[in-house]
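These notes are about the structure you will find just below.
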Amino acid sequence: MNDRIFEPLLNAEKGETLEGYVRQGGYASLRKALEMSPGDIVEEVKNSNLRGRGGAGFPTGQKWTFLPPPDGKARYLVANADEGEPGTFKDRYILTRVPHLLLEGMIITAYALGLPKGEIFLRGEYTEGREMVERAIAEAADAGFLGKNILESAFSFDVAVHSGAGAYICGEETALLESLEGKRGHPRLKPPFPASSGLYGRPTLINNVETLACIPSIVLEGGFWFASLGSQKNGGTRLFALSGRVVKPGLYELPLGTNLKELIFTCGGGIPKNRRLKGVIPGGLSAPILTEEECDIPMDFDSLARAGSMLGSGAVMVFDEEDSILRILSSTVEFYSHESCGQCTPCRDGTNVLKKLMERILSETGREEDYRALVSVARGIRGRTICPFGDAVSMAVEAMAVKYEKEILDFLEGNHG
Amino acid sequence: MVEISFNGHLYSVEEGSTVLAAAQKVGVPIPYFCNHPLLKPAGLCRMCLVEIRGFPKLQTACTTTVKEGMEVLTETESVKQARREILEFHFAQHPLDCPECDQAGACLLQEWLYRFGFTRRRFYYQRDRKEKLVPLGKNLLLDRERCILCLRCLRFCDEVLGRHLLAVTERGSRSCIATAGERRLETLYNGNLAQICPVGAILEKDMKARVRNWLVQSRPTGCPLCSRGCALLVDTPKEYPYLAHYPRLSRVQADSRREGRGGFICDIGRYTLKSLEENRLSKILQRGGEIDEARMRALLKEKLAVIETVVLSSWLSLEEIDEALLLFRDRLKLRILSWGRGDGDGDALLIRKERNPNGTYLRQRSVKPLVDGELSDPGNTLLFGDFFPDYPLFAEEIVRSRGFKALITPYRPSLKGEIFDLVVPVCSFLEKEGSYMDFQERRWRSSKLFEPAGGTLREGEILSLLDGEGGEP
Amino acid sequence: MRLGPVLEEKIRTLMGSYERVESALIPALMAVQAEYGCVDSEAAEEVSALFEITPERVEEVLSFYSLLQRSPGGRHRILLCRSLVCSGGAEKILKVLQEEYSLLPGGTSPDGRFSLFLCECLGHCEKAPAIMVDDRVYGPLGEGNLFSLLEGFK
């Protein structure tokens, strides 16, 4: 029993093949799971304190209980591999280096919850990932890990890959379902939730790739073991995608609760040329930025939430004194206005207003009142939209604008100085 | 019924209704755009956000179903601020077209801004430009800058017409309503899209820059163009000197307020009523020339004794039919037949094959239709022919008959040769009040929208004329 | 352009591989694009006929998703990531593309080799700045290796 789940698998020789995966102990968990009762598996996941690794951080065990009991009709498991949150690339590694881990996680999950059909919704840009996953599915089917009567049990499960076509919003659960159903990625009103009305209106469980990839080890080593790796109520390790101004950008598996500074300076090798740390976005673009003073913080869901940010997708983007907050803000506003689906007024028109205000601020005519309007508009989107996209742009932009007010106002003053 | 409270006041509201519908029923103002009684709630525009005790975030009233004991707050600071700011977002995009926009005065964006909005703008910049005069289909124009993407038009096509004829294209604030390529909407329900659009985005081409909404009054009547009898609102210009030469019938719309009457109409009803204004007869005609009323009375009195057949139009009102049957069938024992416009194609939505408003009643009163080939010679015939003048050719029997033939009609007959010995002008459907019976045997009333055009009489006057003359058989 | 029997067969296979036919729509459009480099209105209309849906259903999907193109471009499509981590490097790459290939965002190079589009995060942030050429993502790119990468594309 070691305390790293992904590292050995990601680094294994030919870990992407069935052979290489099995050599690392792959599919042993599935064998064990099929000997357990579905209820016991759910118990283990609850005990593990595993929280959704896609962004929302919702307790996975609890989410699993939202599904109604099987009624003999269609039900679905969907792996969310849309990974569009800027800064995030962890699922890409799982998909390309150890796709069988995802498959095993899906099969166990499907067994535990009575979900006979699975879909992997993969972002269209991950062409390499698609190849690897499709190959793994073929290998797994050949070996009897997929299809009818898996490992001679009564359980059958089939899975297929479906590619997205370039829309960040399709990472949102209900927008993903809309896209899977051949429509525009417009998030649905909730309730009803996918657990009761999901794909084609049927009960559906949607989990992030990394979340599902944690399931085999939870089943094999037990939920409490997984929980013990992390901090209280934040079980396990997770994959941190470190990028930006660090010497060694890349993927790092660390226990939940690891200090952010350790990730940046120990694992990441610190900031090139020893420049000063300016700020860190700790969980994908939607996570409010932390200033240098705020970076001494444990990286888990609860600690970051208490600090007014979020662990989100675990994508850590580091900025140093060379980075202008104006460029960061501008890129952020561009992203959200480009990716807004356009359904509801506050987000559709609000992100456009933010974009226009940023253009103004960056131009010669930018004034302090444009900055004040920017902050107010960002706040005005929150809590009024159909889906959390609106809250995300609101919180991300507000944090950047407010925490670096001085830099922005100095810049605006410099326009007319 | 369930009991809920709005702003601390208790109300009894219908179980299963939405908070928005309940509020509208009891008179609590909540603004909205995308909600419409014909359509499923969408929760898109976010304008109807309200506070509901027990929910941490504001909820859309249009998608929330009432529950016993629900406490709804519509005037808290948080709700007011949400409304103001959402309107502010709209106006960041919406062009300042009010002075030339045909929707002015009947526009929900104007209405909500007036009641719930803000006065000072906090940001100014160049708005995004979009196409402004996009031909959308028959008689429809789309102004994409004005569109607030409430999707009422698209949802109407999907949910009411059952066909996906409109799309939202692009993404985010670049989204537009569009058809595919060069396709245009060619349904028989196009006009409803202009009516259902809450702002001046979808407009009727023929009403562009015609008359301001506050210069017309809308009056209810029913549609006579098929046996369904949809509820209509007819716009007529108010009394203003500079509108003196304006056509008295400005526009026809669906009346959505009347229960059980659908809330939408077909384009036949919407656009062809205007044609009832044309080709009016104003003089009494006798073979080749005109005669005056006195001569007409004399002639009728003379001929009444020898009239053998009376043909009643299925556009006569119930009251007129009753009177005519009493006189001609019961007292004078004449042969009575009915006629009207020929059948057209019906559809699964509104349009009935029978294109007359009172055919059902005539059948109920056992009046047989005048059908070619059934009657060898009607003899001396009195015809009430005041149906819409797309004259089917008159029954061959009528044409060939050598007897005296009189036609009572509002319209100048377009005859091949002069078939009738006497043609008497009467009011059109829009100029008289009356009852009608739809195909489901429900009664509806038409309104007298206009004074009769010069020179015309009411059918009832003719009948009392004849009644007075008729006396004993 | 017309779909042709091979592509039509491919699409029918896709339609059959899903529980509900409509789920095959976006994969079908991607298949058309893989063949022709874009989905023009003629192809879109043929797809709508195959699926027995109105052309508006195809149009709204086609215009929503960034990876789907409606008009033809160069022989190779470059997507340049302009999201946060890549944004600084992207500016430099844009300059090189403009100077060396006369390529502007939304445009095609005069020699017909490349079309350039700006895109959002490609999920290769540890290799920023990243670009996608046709089917593969490459990074980190700079003035040094960008040229040699692109020269490999005819």
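If you're wondering about the labels, chains in the structure tokens are A, B, ... by order shown, residues count from 1 in each chain, ligands from 1 in order shown.
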
Test item: residues at most 10 Å from B:Gln195, only C-alpha atoms, excluding those fewer than 4 positions along its chain, as a list in words: Gln103, Cys153, Asn190, Gly191, Val199, Gly200, Ile202, Leu203, Glu204, Gln253, Ala254 and Phe264 of chain B

Please, which residues in chain C fall within 6 Å of chain A when counting only C-alpha atoms, and what is the closest atom pair and distance in Å to one decimal for each, ordered by chain then residue number, as a tab-separated table?
```
residue	atom	partner	partner_atom	distance
C:Glu22	CA	A:Gly182	CA	5.3
C:Ser23	CA	A:Glu181	CA	4.4
C:Leu25	CA	A:Gly182	CA	5.3
C:Ile26	CA	A:Gly182	CA	5.8
C:Val61	CA	A:Arg184	CA	5.4
C:Tyr65	CA	A:Gly166	CA	5.2
C:Ser66	CA	A:Gly166	CA	4.7
C:Leu67	CA	A:Gly166	CA	5.0
C:Leu84	CA	A:Ser331	CA	5.7
C:Val85	CA	A:Gly244	CA	5.6
C:Cys121	CA	A:Pro86	CA	5.1
C:Gly123	CA	A:Phe89	CA	4.7
C:His124	CA	A:Phe89	CA	5.9
C:Cys125	CA	A:Gly87	CA	5.6
C:Glu126	CA	A:Pro249	CA	5.0
```

Kindly export the residues of the current selection with C-alpha atoms, as a PDB file, in the first residue's frame.
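Dumped everything to result-v9.pdb:
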```pdb
ATOM      1  CA  GLU C  22     -30.069  12.296 -32.993  1.00  0.00           C
ATOM      2  CA  SER C  23     -26.955  11.658 -30.900  1.00  0.00           C
ATOM      3  CA  LEU C  25     -25.615  14.393 -35.500  1.00  0.00           C
ATOM      4  CA  ILE C  26     -22.471  16.069 -34.214  1.00  0.00           C
ATOM      5  CA  VAL C  61     -25.484  22.972 -34.079  1.00  0.00           C
ATOM      6  CA  TYR C  65     -19.398  24.456 -31.815  1.00  0.00           C
ATOM      7  CA  SER C  66     -15.968  25.996 -32.353  1.00  0.00           C
ATOM      8  CA  LEU C  67     -14.427  22.977 -34.029  1.00  0.00           C
ATOM      9  CA  LEU C  84      -4.642  32.473 -19.869  1.00  0.00           C
ATOM     10  CA  VAL C  85      -1.422  30.507 -19.594  1.00  0.00           C
ATOM     11  CA  CYS C 121      -7.693  26.324 -23.691  1.00  0.00           C
ATOM     12  CA  GLY C 123      -5.663  21.407 -22.197  1.00  0.00           C
ATOM     13  CA  HIS C 124      -1.894  21.453 -22.783  1.00  0.00           C
ATOM     14  CA  CYS C 125      -1.066  24.251 -20.373  1.00  0.00           C
ATOM     15  CA  GLU C 126       2.137  22.630 -19.109  1.00  0.00           C
TER      16      GLU C 126
END
```

Residues of chain C in strand (DSSP E or B), written as a ChimeraX atom specification: /C:76-81,108,114-119,131-133,136-138

Could you write out the selected residues, including C-alpha atoms, as an mmCIF file, in the first residue's frame?
```
data_model
loop_
_atom_site.group_PDB
_atom_site.id
_atom_site.type_symbol
_atom_site.label_atom_id
_atom_site.label_comp_id
_atom_site.auth_asym_id
_atom_site.auth_seq_id
_atom_site.Cartn_x
_atom_site.Cartn_y
_atom_site.Cartn_z
ATOM 1 C CA HIS C 76 -4.227 22.595 -42.697
ATOM 2 C CA ARG C 77 -6.075 24.213 -39.856
ATOM 3 C CA ILE C 78 -4.154 25.924 -37.094
ATOM 4 C CA LEU C 79 -5.876 26.589 -33.789
ATOM 5 C CA LEU C 80 -3.867 28.956 -31.633
ATOM 6 C CA CYS C 81 -4.694 28.828 -27.928
ATOM 7 C CA THR C 108 -5.947 31.676 -44.888
ATOM 8 C CA PHE C 114 -2.955 27.160 -43.546
ATOM 9 C CA SER C 115 -6.044 28.647 -41.965
ATOM 10 C CA LEU C 116 -5.671 30.243 -38.573
ATOM 11 C CA PHE C 117 -8.224 30.448 -35.780
ATOM 12 C CA LEU C 118 -7.869 31.558 -32.215
ATOM 13 C CA CYS C 119 -9.202 29.033 -29.747
ATOM 14 C CA ILE C 131 -1.258 25.177 -30.957
ATOM 15 C CA MET C 132 -3.338 22.533 -32.678
ATOM 16 C CA VAL C 133 -2.563 21.749 -36.292
ATOM 17 C CA ARG C 136 -2.678 17.130 -33.029
ATOM 18 C CA VAL C 137 -1.659 19.595 -30.340
ATOM 19 C CA TYR C 138 1.917 20.820 -30.212
#
```

Chain A contacts on chain B, only C-alpha atoms, 6 Å, as a VMD selection string: chain B and resid 44 to 45 89 171 to 173

Expected answer as a ChimeraX atom specification: chain C residues within 9 Å of chain B, only C-alpha atoms: /C:41,45,53-65

Expected answer as a ChimeraX atom specification: helix (DSSP H, G or I) residues in stretch 198-357 of chain A: /A:199-201,209-221,223-229,260-267,272-274,292-294,301-306,325-339,345-357

Contacts of B:Ala209 within 10 Å, only C-alpha atoms, excl. fewer than 4 positions in-chain, as a ChimeraX atom specification: /B:100-103,205

Neighbour list for B:Gly263 as number ranges by chain, cut-off 12 Å, only C-alpha atoms, skip fewer than 6 positions in-chain: B: 36-39, 156, 160, 192, 195-196, 230-233, 253-257, 350

Who sits within 12 Å of B:Leu457, only C-alpha atoms, same chain under 2 positions skipped, as a PyMOL selection string: chain B and resi 281-284+293+386+408-410+424-428+431-432+451-455+459-465

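Residues in contact with A:Tyr21 at 10 Å, where only C-alpha atoms are counted and same-chain residues fewer than 3 positions away are skipped, are listed as Leu9, Leu10, Ala12, Glu13, Lys14, Gly15, Glu16, Thr17, Leu18, Gln24, Gly25, Gly26, Tyr27, Arg97, Val98, Pro99, His100 and Leu101 of chain A.
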
Need the shell around B:Asn279: protein/DNA/RNA residues with any atom at most 10 Å away, counting only C-alpha atoms. Skip same-chain ones fewer than 2 positions apart. Format as a compact mmCIF listing (two decimals) with C-alpha atoms, in the first residue's frame?
```txt
# COMPACT_ATOMS: atom_id res chain seq x y z
CA SER B 275 -60.11 42.00 -48.09
CA LEU B 276 -63.63 42.25 -46.68
CA GLU B 277 -63.14 45.98 -47.03
CA LEU B 281 -71.54 47.40 -53.28
CA SER B 282 -73.10 50.76 -52.56
CA PRO B 389 -66.52 37.53 -52.49
CA PRO B 410 -72.30 43.46 -49.48
CA TYR B 411 -70.06 42.88 -52.46
CA ARG B 412 -70.15 43.86 -56.08
CA PRO B 413 -70.72 40.60 -57.83
CA SER B 414 -68.16 39.65 -60.41
```

Point-to-point distance from atom CA of B:Glu354 to atom CA of B:Arg329, Å rounded to tenths: 24.8 Å

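Computed from the coordinates, the atom CA of B:Leu193 to atom CA of B:Arg152 distance equals 8.0 Å.
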